[in-house]
$ cat start_22.cif   # mmCIF, C-alpha atoms
data_start
loop_
_atom_site.label_atom_id
_atom_site.label_comp_id
_atom_site.auth_asym_id
_atom_site.auth_seq_id
_atom_site.Cartn_x
_atom_site.Cartn_y
_atom_site.Cartn_z
CA MET A 23 3.22 -4.92 23.29
CA LYS A 24 4.80 -1.68 22.02
CA ASN A 25 6.11 -1.98 18.47
CA ASN A 26 6.86 -5.64 18.93
CA GLU A 27 3.86 -7.15 17.19
CA ASN A 28 4.99 -5.56 13.90
CA HIS A 29 6.07 -7.77 11.07
CA VAL A 30 9.83 -8.06 10.56
CA SER A 31 10.82 -8.29 6.89
CA SER A 32 13.86 -10.45 6.23
CA ASP A 33 16.88 -9.06 4.37
CA SER A 34 16.41 -11.65 1.63
CA LEU A 35 12.86 -10.37 1.02
CA ASN A 36 14.20 -6.80 0.75
CA TRP A 37 16.88 -7.90 -1.71
CA THR A 38 14.32 -9.78 -3.80
CA VAL A 39 12.07 -6.72 -3.92
CA LEU A 40 15.02 -4.55 -5.01
CA VAL A 41 16.00 -6.95 -7.80
CA ILE A 42 12.41 -7.02 -9.09
CA LEU A 43 12.26 -3.20 -9.01
CA LEU A 44 15.56 -2.93 -10.93
CA ILE A 45 14.35 -5.45 -13.53
CA LEU A 46 11.13 -3.44 -13.97
CA THR A 47 13.18 -0.23 -14.36
CA THR A 48 15.28 -1.89 -17.08
CA ILE A 49 12.13 -3.12 -18.83
CA THR A 50 10.71 0.44 -18.68
CA ILE A 51 13.82 1.96 -20.27
CA LEU A 52 14.02 -0.73 -22.99
CA ALA A 53 10.28 -0.72 -23.71
CA ILE A 54 10.26 3.01 -24.34
CA LYS A 55 12.97 2.65 -26.97
CA ILE A 56 10.77 0.47 -29.21
CA HIS A 57 8.43 3.46 -29.87
CA LEU A 58 4.93 2.24 -29.37
CA GLY A 59 3.52 5.63 -30.29
CA ALA A 60 0.51 6.61 -28.24
CA TYR A 61 0.86 3.53 -26.07
CA THR A 62 4.30 4.54 -24.78
CA VAL A 63 2.94 6.79 -22.03
CA ALA A 64 0.35 4.20 -21.05
CA LEU A 65 3.01 1.48 -20.85
CA ALA A 66 5.35 3.70 -18.81
CA LEU A 67 2.54 4.54 -16.39
CA ILE A 68 1.46 0.90 -16.01
CA LEU A 69 5.05 -0.19 -15.26
CA ALA A 70 5.49 2.73 -12.81
CA SER A 71 2.22 1.77 -11.09
CA ILE A 72 3.41 -1.82 -10.69
CA LYS A 73 6.68 -0.58 -9.16
CA VAL A 74 4.84 1.79 -6.83
CA SER A 75 2.51 -0.96 -5.62
CA ILE A 76 5.50 -3.23 -4.93
CA VAL A 77 7.19 -0.46 -2.87
CA LEU A 78 3.93 0.21 -1.00
CA THR A 79 3.29 -3.47 -0.33
CA TYR A 80 6.75 -4.63 0.78
CA PHE A 81 9.06 -1.69 1.59
CA MET A 82 6.27 0.31 3.22
CA HIS A 83 4.93 -2.86 4.90
CA LEU A 84 1.32 -2.40 3.78
CA LYS A 85 1.00 -6.15 3.31
CA PHE A 86 1.50 -6.55 7.05
CA GLU A 87 -0.56 -3.56 8.21
CA ASN A 88 -4.10 -3.62 9.55
CA MET A 89 -7.09 -3.50 7.23
CA LEU A 90 -7.99 0.12 8.14
CA LEU A 91 -4.68 1.46 6.86
CA ARG A 92 -4.79 -0.67 3.72
CA LEU A 93 -8.31 0.48 2.92
CA MET A 94 -7.29 4.11 3.51
CA VAL A 95 -4.32 3.90 1.17
CA GLY A 96 -6.39 2.11 -1.46
CA GLY A 97 -9.17 4.67 -1.06
CA VAL A 98 -6.83 7.64 -1.43
CA PHE A 99 -5.26 6.25 -4.61
CA LEU A 100 -8.77 5.58 -5.95
CA LEU A 101 -9.73 9.18 -5.11
CA PHE A 102 -6.61 10.40 -6.91
CA ALA A 103 -7.50 8.34 -10.00
CA VAL A 104 -11.04 9.81 -9.93
CA VAL A 105 -9.65 13.36 -9.67
CA ILE A 106 -7.44 12.75 -12.73
CA ALA A 107 -10.30 11.18 -14.68
CA ILE A 108 -12.69 14.05 -13.89
CA THR A 109 -10.04 16.64 -14.82
CA PHE A 110 -9.61 15.00 -18.22
CA ILE A 111 -13.33 14.63 -18.82
CA ASP A 112 -13.69 18.34 -18.05
CA TYR A 113 -10.73 19.21 -20.27
CA TYR A 114 -11.86 17.22 -23.31
CA PHE A 115 -15.57 18.01 -23.24
CA ARG A 116 -15.40 21.66 -22.28
CA MET B 10 3.95 3.95 35.17
CA SER B 11 1.23 1.35 35.04
CA THR B 12 -0.34 2.68 31.85
CA THR B 13 2.90 2.76 29.85
CA GLU B 14 2.38 -0.51 27.99
CA HIS B 15 -1.10 0.33 26.84
CA SER B 16 -0.58 3.96 25.83
CA GLU B 17 2.63 3.26 23.93
CA PHE B 18 0.93 0.60 21.90
CA ILE B 19 -1.72 3.09 20.83
CA ASP B 20 0.88 5.80 20.19
CA SER B 21 2.71 3.57 17.76
CA ASP B 22 -0.37 2.72 15.74
CA THR B 23 -1.84 6.22 15.63
CA GLY B 24 1.59 7.72 15.06
CA LYS B 25 1.94 5.67 11.94
CA LEU B 26 -1.62 6.51 10.88
CA GLY B 27 -0.78 10.20 11.24
CA MET B 28 2.30 9.75 9.04
CA TRP B 29 0.20 8.09 6.37
CA LEU B 30 -2.31 10.96 6.47
CA PHE B 31 0.59 13.34 5.90
CA LEU B 32 1.85 11.19 3.01
CA PHE B 33 -1.63 11.46 1.43
CA THR B 34 -1.31 15.27 1.40
CA GLU B 35 2.09 14.85 -0.27
CA LEU B 36 0.51 12.61 -2.88
CA PHE B 37 -1.97 15.34 -3.75
CA LEU B 38 0.74 18.01 -3.76
CA PHE B 39 2.68 16.14 -6.44
CA GLY B 40 -0.55 14.79 -7.92
CA GLY B 41 -1.61 18.34 -8.76
CA LEU B 42 1.63 18.87 -10.66
CA PHE B 43 1.17 15.56 -12.47
CA ILE B 44 -2.28 16.69 -13.61
CA VAL B 45 -0.83 19.97 -14.94
CA TYR B 46 1.84 17.92 -16.73
CA ALA B 47 -0.78 15.59 -18.25
CA VAL B 48 -3.00 18.41 -19.52
CA MET B 49 -0.08 20.46 -20.89
CA ARG B 50 1.40 17.39 -22.52
CA SER B 51 -1.79 16.65 -24.39
CA LYS B 52 -2.02 20.32 -25.41
CA TYR B 53 1.62 20.77 -26.53
CA ALA B 54 2.63 17.22 -27.53
CA ALA B 55 5.26 18.30 -30.10
CA ASP B 56 6.91 20.88 -27.82
CA PHE B 57 7.05 18.39 -24.93
CA HIS B 58 8.67 15.84 -27.24
CA GLN B 59 11.31 18.37 -28.32
CA ALA B 60 12.04 19.65 -24.80
CA ALA B 61 12.26 16.18 -23.22
CA LEU B 62 15.09 15.26 -25.64
CA GLU B 63 17.16 17.81 -23.74
CA LEU B 64 17.15 15.63 -20.59
CA ASN B 65 19.85 13.03 -20.02
CA VAL B 66 18.30 9.55 -19.68
CA PHE B 67 21.51 8.13 -18.21
CA VAL B 68 21.54 10.61 -15.31
CA GLY B 69 17.84 10.00 -14.71
CA ALA B 70 18.30 6.22 -14.78
CA THR B 71 21.30 6.42 -12.43
CA ASN B 72 19.28 8.43 -9.94
CA THR B 73 16.42 5.93 -10.22
CA VAL B 74 18.75 3.05 -9.30
CA VAL B 75 20.29 5.13 -6.48
CA LEU B 76 16.87 5.84 -4.97
CA LEU B 77 15.66 2.25 -5.33
CA VAL B 78 18.77 0.93 -3.55
CA SER B 79 18.42 3.59 -0.84
CA SER B 80 14.80 2.55 -0.36
CA MET B 81 16.00 -0.99 0.29
CA THR B 82 18.71 0.08 2.75
CA VAL B 83 16.09 2.05 4.72
CA ALA B 84 13.78 -0.97 4.80
CA MET B 85 16.69 -3.20 5.88
CA SER B 86 17.66 -0.74 8.60
CA LEU B 87 14.17 -1.07 10.07
CA THR B 88 14.55 -4.85 10.04
CA ALA B 89 17.92 -4.47 11.80
CA ILE B 90 16.54 -2.31 14.61
CA GLN B 91 13.65 -4.73 15.10
CA GLN B 92 16.24 -7.49 15.46
CA LYS B 93 18.11 -5.40 18.07
CA ARG B 94 21.07 -4.80 15.76
CA ALA B 95 21.53 -1.07 16.32
CA GLY B 96 24.97 -0.92 14.71
CA LYS B 97 23.75 -2.50 11.50
CA ALA B 98 20.68 -0.20 11.52
CA MET B 99 22.88 2.91 11.80
CA GLY B 100 25.26 1.63 9.12
CA LEU B 101 22.41 1.04 6.68
CA LEU B 102 20.98 4.50 7.37
CA PHE B 103 24.43 5.97 6.78
CA ILE B 104 24.58 4.21 3.39
CA THR B 105 21.15 5.68 2.66
CA LEU B 106 22.47 9.16 3.42
CA LEU B 107 25.45 8.56 1.12
CA LEU B 108 23.07 7.51 -1.65
CA ALA B 109 20.99 10.63 -1.01
CA GLY B 110 24.23 12.59 -1.43
CA VAL B 111 24.96 10.85 -4.74
CA PHE B 112 21.44 11.72 -5.89
CA MET B 113 21.89 15.39 -4.99
CA VAL B 114 25.33 15.62 -6.66
CA ASN B 115 23.85 14.15 -9.86
CA LYS B 116 21.02 16.66 -9.61
CA TYR B 117 23.51 19.49 -9.09
CA PHE B 118 25.40 18.63 -12.29
CA GLU B 119 22.18 18.09 -14.19
CA TRP B 120 20.72 21.46 -13.19
CA GLY B 121 24.14 23.10 -13.54
CA HIS B 122 24.33 21.90 -17.14
CA LYS B 123 20.92 23.45 -17.90
CA PHE B 124 21.85 26.71 -16.19
CA GLY B 125 25.04 26.69 -18.30
CA LEU B 126 22.83 26.55 -21.39
CA HIS B 127 20.76 29.42 -19.92
CA LEU B 128 17.83 27.06 -19.63
CA TYR B 129 16.19 28.23 -16.43
CA PRO B 130 12.86 29.88 -15.69
CA GLY B 131 12.90 33.54 -16.70
CA SER B 132 16.09 33.43 -18.80
CA ASP B 133 16.14 35.07 -22.25
CA VAL B 134 16.88 31.71 -23.91
CA MET B 135 13.89 30.19 -22.16
CA LYS B 136 11.60 33.07 -23.14
CA SER B 137 12.50 32.60 -26.81
CA LEU B 138 11.34 28.95 -26.75
CA PRO B 139 7.90 27.84 -27.95
CA HIS B 140 5.22 28.04 -25.27
CA GLY B 141 5.01 24.26 -24.77
CA GLU B 142 8.75 23.94 -24.17
CA ILE B 143 8.61 26.71 -21.57
CA MET B 144 5.83 24.74 -19.86
CA PHE B 145 7.91 21.55 -19.96
CA PHE B 146 11.02 23.13 -18.45
CA GLY B 147 8.91 25.01 -15.90
CA LEU B 148 7.34 21.73 -14.80
CA TYR B 149 10.72 19.96 -14.91
CA PHE B 150 12.32 22.48 -12.54
CA MET B 151 9.25 22.66 -10.31
CA MET B 152 8.77 18.90 -9.98
CA THR B 153 12.41 17.83 -9.69
CA GLY B 154 13.13 20.83 -7.42
CA LEU B 155 10.27 19.99 -5.08
CA HIS B 156 11.38 16.37 -5.15
CA ALA B 157 15.00 17.32 -4.36
CA LEU B 158 13.71 19.39 -1.42
CA HIS B 159 12.03 16.21 -0.16
CA VAL B 160 15.32 14.31 -0.54
CA ILE B 161 17.02 16.93 1.65
CA ILE B 162 14.25 16.85 4.28
CA GLY B 163 14.34 13.04 4.24
CA GLY B 164 18.11 13.13 4.70
CA VAL B 165 17.79 15.43 7.73
CA LEU B 166 15.08 13.19 9.19
CA LEU B 167 17.22 10.05 8.77
CA THR B 168 20.21 11.84 10.34
CA ILE B 169 18.08 12.57 13.40
CA VAL B 170 17.08 8.88 13.45
CA ILE B 171 20.77 7.84 13.41
CA PHE B 172 21.51 10.08 16.42
CA LYS B 173 18.48 8.74 18.28
CA ILE B 174 19.56 5.15 17.65
CA LYS B 175 23.02 6.09 18.92
CA SER B 176 21.61 7.58 22.12
CA GLY B 177 19.34 4.56 22.57
CA LYS B 178 16.11 6.55 22.26
CA ILE B 179 15.26 4.44 19.23
CA ASN B 180 15.61 0.75 20.05
CA ALA B 181 14.04 -2.63 19.36
CA GLU B 182 10.98 -1.67 21.45
CA HIS B 183 10.48 1.94 20.35
CA TYR B 184 11.18 2.73 16.74
CA LEU B 185 8.16 4.71 15.57
CA LEU B 186 10.29 7.67 14.45
CA GLN B 187 12.45 5.39 12.36
CA GLU B 188 9.36 3.73 10.87
CA ASN B 189 7.91 7.11 9.92
CA GLY B 190 11.25 8.37 8.62
CA ALA B 191 11.46 5.24 6.47
CA LEU B 192 7.91 5.81 5.19
CA TYR B 193 8.88 9.37 4.21
CA TRP B 194 11.97 8.11 2.41
CA HIS B 195 9.93 5.53 0.50
CA LEU B 196 7.55 8.33 -0.55
CA VAL B 197 10.51 10.20 -2.05
CA ASP B 198 11.26 7.02 -4.00
CA LEU B 199 7.61 6.59 -5.07
CA ILE B 200 7.43 10.10 -6.53
CA TRP B 201 10.65 9.59 -8.46
CA ILE B 202 9.32 6.30 -9.89
CA PHE B 203 6.67 8.40 -11.69
CA LEU B 204 8.86 11.45 -12.42
CA PHE B 205 11.59 9.47 -14.17
CA PRO B 206 9.56 7.94 -17.03
CA LEU B 207 7.33 11.00 -17.47
CA LEU B 208 10.13 13.57 -17.70
CA TYR B 209 13.14 11.62 -19.01
CA LEU B 210 11.83 8.65 -20.95
CA VAL B 211 8.56 9.48 -22.67
CA THR B 212 9.74 11.89 -25.37
#

$ encode --input "start_22.cif" --output "structure tokens"
Amino acid sequence: MKNNENHVSSDSLNWTVLVILLILTTITILAIKIHLGAYTVALALILASIKVSIVLTYFMHLKFENMLLRLMVGGVFLLFAVVIAITFIDYYFR
Amino acid sequence: MSTTEHSEFIDSDTGKLGMWLFLFTELFLFGGLFIVYAVMRSKYAADFHQAALELNVFVGATNTVVLLVSSMTVAMSLTAIQQKRAGKAMGLLFITLLLAGVFMVNKYFEWGHKFGLHLYPGSDVMKSLPHGEIMFFGLYFMMTGLHALHVIIGGVLLTIVIFKIKSGKINAEHYLLQENGALYWHLVDLIWIFLFPLLYLVT
């Protein structure tokens, strides 16, 4: 068995993922220039999150990993979001 | 050895699991800094706006593209080794190292420019700035510095992988080290994906 049962991503998939990431980067840079005020940070973070999930899913092969690993990664990001939320609740209502 | 097949299969899976656990600790290392950034930004919005104008968007954008491409070459290299194409795998890793070099040279000029303006932690110019701007530059040097350290470590790791492919220790059957090295390199990319808009773009 060894490593052999792992999924092999094709080069064309990797190229496609790169092109999508570059397009999203361009959109991020252009979107920030239109000055959306308070929404700018939110927009930048949403676009960054989309890019990060694409890297996690395809480049880091999470799409092809077992359920345990996928749940762990999802759980840790959820935990991180909760930590940020609690920090801000504490900060604003202190 | 009769148990080889079985134990190596488990090694591969748990080895990768261990790498992911390590990546989680990295997430919280940078995550802590992102939380400091978020709180300070909401406290000193005007100062952060002023200080962020100092950063060069073009350099930041160039480094973003460099890291995204390098992330792809690492992923492709893994595909190549799985397809028993060791030469192609080494070539792609070498391109990744070159891109890492480009990233570091950009970073050198970027930091050098700021040092030229006496904008570094503890300098007299820095001390004369408003408190929020000091916080911004402190976080800028801390976060990009820690990230650059990860680029260097990733580069060393990938160099080791190249030598192991060359000696045949990493091959189409055993490539856990390369997989984990690739995961580490992607993490470096992931962190930059958040650093770039937060430091360079959102002014």

$ resolve_selection --input "start_22.cif" --expression "the PyMOL selection byres ((chain A and resi 73-80) around 9)" --output "PyMOL selection string"
(chain A and resi 31+35-36+39+42-43+46-47+68-72+81-86) or (chain B and resi 80+84+195-196+198-200+202-203)

$ atom_distance --input "start_22.cif" --atom1 "CA of His58 in chain B" --atom2 "CA of Ile106 in chain A"
21.9 Å

$ interface_residues --input "start_22.cif" --of "chain B" --to "chain A" --cutoff "8 Å" --atoms "all atoms listed in the file" --output "ChimeraX atom specification"
/B:14-15,17-18,21,26,33,37,40,44,48,74,77-78,80-81,84-85,88,91,181-185,191-192,195,199,202-203,206-207,210-211

$ atom_distance --input "start_22.cif" --atom1 "CA of Ala61 in chain B" --atom2 "CA of Phe124 in chain B"
15.9 Å

$ residues_near_point --input "start_22.cif" --point "(14.4, 15.2, 0.8)" --cutoff "12 Å" --atoms "only C-alpha atoms" --output "compact mmCIF listing (two decimals) with C-alpha atoms, keeping the file's coordinate frame"
# COMPACT_ATOMS: atom_id res chain seq x y z
CA LEU B 76 16.87 5.84 -4.97
CA THR B 105 21.15 5.68 2.66
CA LEU B 106 22.47 9.16 3.42
CA LEU B 108 23.07 7.51 -1.65
CA ALA B 109 20.99 10.63 -1.01
CA GLY B 110 24.23 12.59 -1.43
CA PHE B 112 21.44 11.72 -5.89
CA MET B 113 21.89 15.39 -4.99
CA THR B 153 12.41 17.83 -9.69
CA GLY B 154 13.13 20.83 -7.42
CA LEU B 155 10.27 19.99 -5.08
CA HIS B 156 11.38 16.37 -5.15
CA ALA B 157 15.00 17.32 -4.36
CA LEU B 158 13.71 19.39 -1.42
CA HIS B 159 12.03 16.21 -0.16
CA VAL B 160 15.32 14.31 -0.54
CA ILE B 161 17.02 16.93 1.65
CA ILE B 162 14.25 16.85 4.28
CA GLY B 163 14.34 13.04 4.24
CA GLY B 164 18.11 13.13 4.70
CA VAL B 165 17.79 15.43 7.73
CA LEU B 166 15.08 13.19 9.19
CA LEU B 167 17.22 10.05 8.77
CA THR B 168 20.21 11.84 10.34
CA GLY B 190 11.25 8.37 8.62
CA ALA B 191 11.46 5.24 6.47
CA TYR B 193 8.88 9.37 4.21
CA TRP B 194 11.97 8.11 2.41
CA HIS B 195 9.93 5.53 0.50
CA LEU B 196 7.55 8.33 -0.55
CA VAL B 197 10.51 10.20 -2.05
CA ASP B 198 11.26 7.02 -4.00
CA ILE B 200 7.43 10.10 -6.53
CA TRP B 201 10.65 9.59 -8.46

$ atom_distance --input "start_22.cif" --atom1 "CA of Glu119 in chain B" --atom2 "CA of Asp133 in chain B"
19.7 Å

$ residues_around --input "start_22.cif" --residues "Leu64 in chain B" --least-positions-apart "2" --cutoff "8 Å" --atoms "all atoms listed in the file" --output "list in words"
Ala60, Ala61, Leu62, Val66, Leu208 and Tyr209 of chain B

$ closest_residue --input "start_22.cif" --among "B:Ile174, B:Val111, B:Leu42, B:Met152" --to "Ser86 in chain B" --atoms "all atoms listed in the file"
B:Ile174

$ residues_around --input "start_22.cif" --residues "Val45 in chain B" --least-positions-apart "6" --cutoff "10 Å" --atoms "only C-alpha atoms" --output "number ranges by chain"
A: 109; B: 39, 144, 148

$ write_last_selection --input "start_22.cif" --atoms "C-alpha atoms" --output "compact mmCIF listing (two decimals), in the coordinates of the input"
# COMPACT_ATOMS: atom_id res chain seq x y z
CA THR A 109 -10.04 16.64 -14.82
CA PHE B 39 2.68 16.14 -6.44
CA MET B 144 5.83 24.74 -19.86
CA LEU B 148 7.34 21.73 -14.80

$ closest_residue --input "start_22.cif" --among "B:Leu204, B:Pro139, B:Asn180, B:Asn72" --to "Tyr46 in chain B" --atoms "only C-alpha atoms"
B:Leu204

$ build_atoms --input "start_22.cif" --residues "range 32-51 of chain A" --atoms "N, CA and C atoms" --output "mmCIF file, in the coordinates of the input"
data_model
loop_
_atom_site.group_PDB
_atom_site.id
_atom_site.type_symbol
_atom_site.label_atom_id
_atom_site.label_comp_id
_atom_site.auth_asym_id
_atom_site.auth_seq_id
_atom_site.Cartn_x
_atom_site.Cartn_y
_atom_site.Cartn_z
ATOM 1 N N SER A 32 12.493 -9.930 6.267
ATOM 2 C CA SER A 32 13.860 -10.450 6.230
ATOM 3 C C SER A 32 14.677 -9.696 5.181
ATOM 4 N N ASP A 33 16.002 -9.707 5.340
ATOM 5 C CA ASP A 33 16.880 -9.060 4.370
ATOM 6 C C ASP A 33 16.718 -9.673 2.983
ATOM 7 N N SER A 34 16.518 -11.002 2.944
ATOM 8 C CA SER A 34 16.410 -11.650 1.630
ATOM 9 C C SER A 34 15.162 -11.163 0.900
ATOM 10 N N LEU A 35 14.071 -10.910 1.662
ATOM 11 C CA LEU A 35 12.860 -10.370 1.020
ATOM 12 C C LEU A 35 13.162 -8.990 0.441
ATOM 13 N N ASN A 36 13.864 -8.148 1.222
ATOM 14 C CA ASN A 36 14.200 -6.800 0.750
ATOM 15 C C ASN A 36 15.066 -6.845 -0.502
ATOM 16 N N TRP A 37 16.034 -7.762 -0.521
ATOM 17 C CA TRP A 37 16.880 -7.900 -1.710
ATOM 18 C C TRP A 37 16.053 -8.327 -2.922
ATOM 19 N N THR A 38 15.165 -9.308 -2.701
ATOM 20 C CA THR A 38 14.320 -9.780 -3.800
ATOM 21 C C THR A 38 13.489 -8.641 -4.378
ATOM 22 N N VAL A 39 12.899 -7.844 -3.476
ATOM 23 C CA VAL A 39 12.070 -6.720 -3.920
ATOM 24 C C VAL A 39 12.917 -5.744 -4.741
ATOM 25 N N LEU A 40 14.142 -5.473 -4.275
ATOM 26 C CA LEU A 40 15.020 -4.550 -5.010
ATOM 27 C C LEU A 40 15.321 -5.072 -6.406
ATOM 28 N N VAL A 41 15.669 -6.375 -6.492
ATOM 29 C CA VAL A 41 16.000 -6.950 -7.800
ATOM 30 C C VAL A 41 14.809 -6.839 -8.748
ATOM 31 N N ILE A 42 13.605 -7.135 -8.241
ATOM 32 C CA ILE A 42 12.410 -7.020 -9.090
ATOM 33 C C ILE A 42 12.219 -5.572 -9.562
ATOM 34 N N LEU A 43 12.419 -4.619 -8.653
ATOM 35 C CA LEU A 43 12.260 -3.200 -9.010
ATOM 36 C C LEU A 43 13.276 -2.789 -10.077
ATOM 37 N N LEU A 44 14.521 -3.280 -9.942
ATOM 38 C CA LEU A 44 15.560 -2.930 -10.930
ATOM 39 C C LEU A 44 15.238 -3.562 -12.285
ATOM 40 N N ILE A 45 14.732 -4.799 -12.268
ATOM 41 C CA ILE A 45 14.350 -5.450 -13.530
ATOM 42 C C ILE A 45 13.234 -4.634 -14.203
ATOM 43 N N LEU A 46 12.236 -4.222 -13.412
ATOM 44 C CA LEU A 46 11.130 -3.440 -13.970
ATOM 45 C C LEU A 46 11.618 -2.105 -14.532
ATOM 46 N N THR A 47 12.615 -1.488 -13.851
ATOM 47 C CA THR A 47 13.180 -0.230 -14.360
ATOM 48 C C THR A 47 13.850 -0.456 -15.709
ATOM 49 N N THR A 48 14.619 -1.557 -15.811
ATOM 50 C CA THR A 48 15.280 -1.890 -17.080
ATOM 51 C C THR A 48 14.240 -2.110 -18.173
ATOM 52 N N ILE A 49 13.189 -2.864 -17.843
ATOM 53 C CA ILE A 49 12.130 -3.120 -18.830
ATOM 54 C C ILE A 49 11.519 -1.786 -19.292
ATOM 55 N N THR A 50 11.292 -0.864 -18.331
ATOM 56 C CA THR A 50 10.710 0.440 -18.680
ATOM 57 C C THR A 50 11.590 1.165 -19.693
ATOM 58 N N ILE A 51 12.904 1.220 -19.394
ATOM 59 C CA ILE A 51 13.820 1.960 -20.270
ATOM 60 C C ILE A 51 13.873 1.308 -21.667
#
